[in-house]
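Structure, as structure tokens:
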Amino acid sequence: MSEKTITFKIKRQENQETQSYWEEFELPYRENMNVISGLMEIQRNPVNSKGQKTTPVTWDMNCLEEVCGACSMVINGNARQSCTALVDQLDQPIRLEPMSTFPVVKDLQVDRSFMFDNLKRVKAWVPIDGTYDLGPGPRMPEKKRQTAYELSKCMTCGVCLEVCPNVNDSSNFMGAAAVSQVRLFNLHPTGSMNKNERLDALMGVGGVAECGMAQNCVEACPKGIPLTTSIASMQREATFHMFKSFFGSDHEVE
Amino acid sequence: MSKQDSSFAVRRLHSLLGVIPLGVFLIQHLLVNHSATRSEEAFNAAAGFMANLPFVIFLEIFIIYIPILFHGIYGIYIAFTAKYNIGGKGYGWHSTYRNWMFLLQRISGVIAFIFIAIHVYQTRVQVFFGADLDFDMVHQIVVNPLWLVFYIIGIIATVYHFANGLWAFMITWGFTQSDRSQRIMSYVSMAVFVVVSFIGVQAILAFI
């Protein structure tokens with residue numbers, strides 16, 4: 001084993017009621033480490049850089065290939081997935097913080113329920129359950145499929161909400177992810193049969209109108225989803241929906 | 001709109017009022033002021049025409065006072081519900097052009113609101129209490145260099161807020177959707193800012 005070491009500075013917090021504090025860890029360097037393998041090393045041997053025994057650091061993870069969104073955290077000031085954060089590409093010491101937009105469960109693990117609740121609110125799914133076979137749905141045009149495929153890469157990781165100045169304690173804004181999901185399911189030929197329900201939800205408190213257009217989301221999205229185009233597209237749809245359902249019209253879907 | 005929420009309509013109204021009537025009024029107001037660059041008499045004639053329009057008090061109430069109070073007060077609420085994240089702990093990409101514009105839009109809005117309140121007190125309220133609306137009234141204010149600087153800052157902040165607000169208006173109402181159209185619109189809004197600021201500053205300097 002070489003002498004080379006790597007240093008992690010980790011913002012830790014026992015639970016939401018307690019104060020956060022920084023703890024430093026020094027680990028032996030190995031080739032091709034990512035932040036998660038570093039955290040696993042700390043878990044195996046929870047001793048901080050002062051040589052004191054401490055509790056192992058808690059974090060969230062699942063797929064380890066940047067498709068599940070669970071391991072998002074703020075690494076050296078940037079919100080991203082820890083699985084694709086390679087130690088060789090990061091400045092030392094590597095600072096790890098939980099995302100600040102979400103309530104902390106413990107250490108680096110946060111509770112992203114806010115996002116999942118909003119996905120439920122905007123009905124981000126295609127309803128097909130019923131008492132009889134509905135048969136095959138309409139065909140999806142290939143060009144539409146290509147647009148939809150980009151939007152379907154969203155993994156609800158929370159990075160777009162973390163960087164958004166309008167998602168915070170004093171606002172209800174749902175953030176770019178849920179707005180983009182409405183666009184995805186309204187593009188779907190079967191999903192579009194319920195598009196009025198999603199638009200109504202999007203036009204409620206915390207909906208698309210509360211976007212402030214700082215456009216950080218599209219810069220930060222790890223999957224390169226055109227979030228600001230999605231938001232603008234939903235602004236347009238919401239405008240049409242508002243005018244069509246003005247003054248007691250019974251407009252639902254066209 | 002029974003199934004939707006009133007907050008959506010309120011936000012859309014806020015966006016609409018910023019351009020119609022407030023943006024239109026801003027340009028018209030600066031153009032009337034600009035007649036002062038020709039002569040004192042030209043300004044007095046232009047301002048006199050505006051002040052003597054029939055039912056002018058109703059025009060003022062419905063085209064200026066109510067929209068500006070709504071847009072200003074709701075806008076300040078919006079400005080104070082954001083958590084600004086320019087710079088900070090090494091967020092390299094946070095210092096993006098649009099994130100700066102987002103912050104400046106809110107700062108300029110608050111400056112504009114304060115400026116307009118003071119400006120209305122110094123002019124319209126004094127007219128209400130019997131002062132004459134003419135070139136000399138404005139001259140007496142901006143002959144003081146501190147007030148002149150305050151007016152120039154106020155005008156530039158207000159025009160910036162209008163020009164950048166046009167960019168956001170185009171997205172809010174669904175006109176500019178693609179990256180390209182939004183980029184073109186940001187050039188347009190910068191051009192509007194430069195041209196209208198020039199007109200406004202040139203006009204106020206004519207009153208010294």
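Starting from 1 in every chain, residues are counted up; chains themselves are A, B, ... following the order of the structure tokens, and ligands are numbered from 1 as listed.
Within stretch 56-217 of chain A, residues classed as strand (DSSP E or B) by DSSP on backbone coordinates are Ser72, Met73, Val74, Ile75, Asn78, Ala79, Arg80, Gln81, Leu86, Ile94, Arg95, Leu96, Glu97, Val104, Val105, Lys106, Gln109 and Val110 of chain A.
For A:Tyr29, the set of protein, DNA and RNA residues having any atom at most 10 Å away, when counting only C-alpha atoms and skipping those fewer than 4 positions along the same chain, is Met1, Ser2, Glu3, Lys4, Thr5, Ile6, Thr7, Met33, Gly38, Val87 and Asp88 of chain A.
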Atom CA of A:Gly207 to atom CA of A:Met174, distance in Å rounded to a single decimal: 6.2 Å
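Near chain B, within 7 Å and counting only C-alpha atoms, the residues of chain A are Gly77, Asn78, Pro165, Asn166, Asn168, Ser170, Ser171, Asp200, Met203, Gly204, Val205, Ala209, Met213, Ala214, Gln215, Asn216, Thr229, Ala232, Ser233, Gln235, Arg236, Thr239, Met242, Ser245, Phe246 and Gly248 of chain A.
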Selection export as a PDB file, in the first residue's frame, atoms kept: N, CA and C atoms:
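Result file is selection-v1.pdb:
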```
ATOM      1  N   GLY A  77     -19.317  21.447  -3.337  1.00  0.00           N
ATOM      2  CA  GLY A  77     -20.183  22.570  -3.685  1.00  0.00           C
ATOM      3  C   GLY A  77     -21.141  22.315  -4.832  1.00  0.00           C
ATOM      4  N   ASN A  78     -21.017  21.182  -5.513  1.00  0.00           N
ATOM      5  CA  ASN A  78     -21.911  20.890  -6.638  1.00  0.00           C
ATOM      6  C   ASN A  78     -22.826  19.714  -6.314  1.00  0.00           C
ATOM      7  N   PRO A 165     -33.425  28.558  -6.997  1.00  0.00           N
ATOM      8  CA  PRO A 165     -33.636  29.557  -5.945  1.00  0.00           C
ATOM      9  C   PRO A 165     -35.093  29.647  -5.483  1.00  0.00           C
ATOM     10  N   ASN A 166     -36.018  29.127  -6.296  1.00  0.00           N
ATOM     11  CA  ASN A 166     -37.433  29.233  -5.929  1.00  0.00           C
ATOM     12  C   ASN A 166     -37.973  28.004  -5.200  1.00  0.00           C
ATOM     13  N   ASN A 168     -37.723  26.382  -1.860  1.00  0.00           N
ATOM     14  CA  ASN A 168     -37.192  26.582  -0.503  1.00  0.00           C
ATOM     15  C   ASN A 168     -38.342  26.588   0.497  1.00  0.00           C
ATOM     16  N   SER A 170     -39.834  28.927   2.098  1.00  0.00           N
ATOM     17  CA  SER A 170     -40.883  29.944   2.035  1.00  0.00           C
ATOM     18  C   SER A 170     -41.661  29.905   0.714  1.00  0.00           C
ATOM     19  N   SER A 171     -41.380  28.911  -0.138  1.00  0.00           N
ATOM     20  CA  SER A 171     -42.172  28.783  -1.364  1.00  0.00           C
ATOM     21  C   SER A 171     -42.692  27.354  -1.490  1.00  0.00           C
ATOM     22  N   ASP A 200     -54.319  20.889 -14.703  1.00  0.00           N
ATOM     23  CA  ASP A 200     -54.988  21.513 -13.551  1.00  0.00           C
ATOM     24  C   ASP A 200     -54.082  21.482 -12.328  1.00  0.00           C
ATOM     25  N   MET A 203     -51.307  23.898 -12.510  1.00  0.00           N
ATOM     26  CA  MET A 203     -51.746  25.288 -12.397  1.00  0.00           C
ATOM     27  C   MET A 203     -52.221  25.598 -10.981  1.00  0.00           C
ATOM     28  N   GLY A 204     -51.903  24.723 -10.046  1.00  0.00           N
ATOM     29  CA  GLY A 204     -52.254  24.961  -8.645  1.00  0.00           C
ATOM     30  C   GLY A 204     -51.118  25.642  -7.898  1.00  0.00           C
ATOM     31  N   VAL A 205     -51.265  25.714  -6.573  1.00  0.00           N
ATOM     32  CA  VAL A 205     -50.211  26.297  -5.735  1.00  0.00           C
ATOM     33  C   VAL A 205     -48.917  25.490  -5.920  1.00  0.00           C
ATOM     34  N   ALA A 209     -46.330  28.178 -12.726  1.00  0.00           N
ATOM     35  CA  ALA A 209     -46.288  29.650 -12.728  1.00  0.00           C
ATOM     36  C   ALA A 209     -45.288  30.193 -11.714  1.00  0.00           C
ATOM     37  N   MET A 213     -37.353  31.302 -13.544  1.00  0.00           N
ATOM     38  CA  MET A 213     -36.526  31.342 -14.754  1.00  0.00           C
ATOM     39  C   MET A 213     -35.064  31.703 -14.493  1.00  0.00           C
ATOM     40  N   ALA A 214     -34.528  31.268 -13.375  1.00  0.00           N
ATOM     41  CA  ALA A 214     -33.090  31.425 -13.144  1.00  0.00           C
ATOM     42  C   ALA A 214     -32.313  30.400 -13.979  1.00  0.00           C
ATOM     43  N   GLN A 215     -33.004  29.361 -14.410  1.00  0.00           N
ATOM     44  CA  GLN A 215     -32.465  28.355 -15.347  1.00  0.00           C
ATOM     45  C   GLN A 215     -31.219  27.627 -14.836  1.00  0.00           C
ATOM     46  N   ASN A 216     -31.091  27.515 -13.516  1.00  0.00           N
ATOM     47  CA  ASN A 216     -30.008  26.694 -12.963  1.00  0.00           C
ATOM     48  C   ASN A 216     -30.266  25.216 -13.192  1.00  0.00           C
ATOM     49  N   THR A 229     -36.865  23.994 -21.497  1.00  0.00           N
ATOM     50  CA  THR A 229     -37.785  23.839 -22.631  1.00  0.00           C
ATOM     51  C   THR A 229     -39.083  23.194 -22.150  1.00  0.00           C
ATOM     52  N   ALA A 232     -41.051  25.883 -20.315  1.00  0.00           N
ATOM     53  CA  ALA A 232     -41.651  26.828 -21.261  1.00  0.00           C
ATOM     54  C   ALA A 232     -42.801  26.168 -22.013  1.00  0.00           C
ATOM     55  N   SER A 233     -42.626  24.902 -22.365  1.00  0.00           N
ATOM     56  CA  SER A 233     -43.676  24.167 -23.063  1.00  0.00           C
ATOM     57  C   SER A 233     -44.929  24.045 -22.190  1.00  0.00           C
ATOM     58  N   GLN A 235     -45.654  26.089 -19.711  1.00  0.00           N
ATOM     59  CA  GLN A 235     -46.225  27.444 -19.589  1.00  0.00           C
ATOM     60  C   GLN A 235     -47.183  27.689 -20.749  1.00  0.00           C
ATOM     61  N   ARG A 236     -46.757  27.280 -21.951  1.00  0.00           N
ATOM     62  CA  ARG A 236     -47.596  27.473 -23.137  1.00  0.00           C
ATOM     63  C   ARG A 236     -48.891  26.665 -23.007  1.00  0.00           C
ATOM     64  N   THR A 239     -51.177  28.178 -20.486  1.00  0.00           N
ATOM     65  CA  THR A 239     -51.838  29.380 -21.013  1.00  0.00           C
ATOM     66  C   THR A 239     -53.043  28.988 -21.868  1.00  0.00           C
ATOM     67  N   MET A 242     -55.780  27.640 -19.711  1.00  0.00           N
ATOM     68  CA  MET A 242     -56.468  28.704 -18.977  1.00  0.00           C
ATOM     69  C   MET A 242     -57.496  29.398 -19.873  1.00  0.00           C
ATOM     70  N   SER A 245     -60.472  27.161 -20.750  1.00  0.00           N
ATOM     71  CA  SER A 245     -61.427  26.860 -19.672  1.00  0.00           C
ATOM     72  C   SER A 245     -61.881  28.124 -18.949  1.00  0.00           C
ATOM     73  N   PHE A 246     -61.770  29.258 -19.651  1.00  0.00           N
ATOM     74  CA  PHE A 246     -62.172  30.540 -19.072  1.00  0.00           C
ATOM     75  C   PHE A 246     -63.684  30.669 -18.964  1.00  0.00           C
ATOM     76  N   GLY A 248     -66.166  29.662 -17.126  1.00  0.00           N
ATOM     77  CA  GLY A 248     -67.099  28.554 -16.960  1.00  0.00           C
ATOM     78  C   GLY A 248     -67.220  27.630 -18.148  1.00  0.00           C
TER      79      GLY A 248
END
```
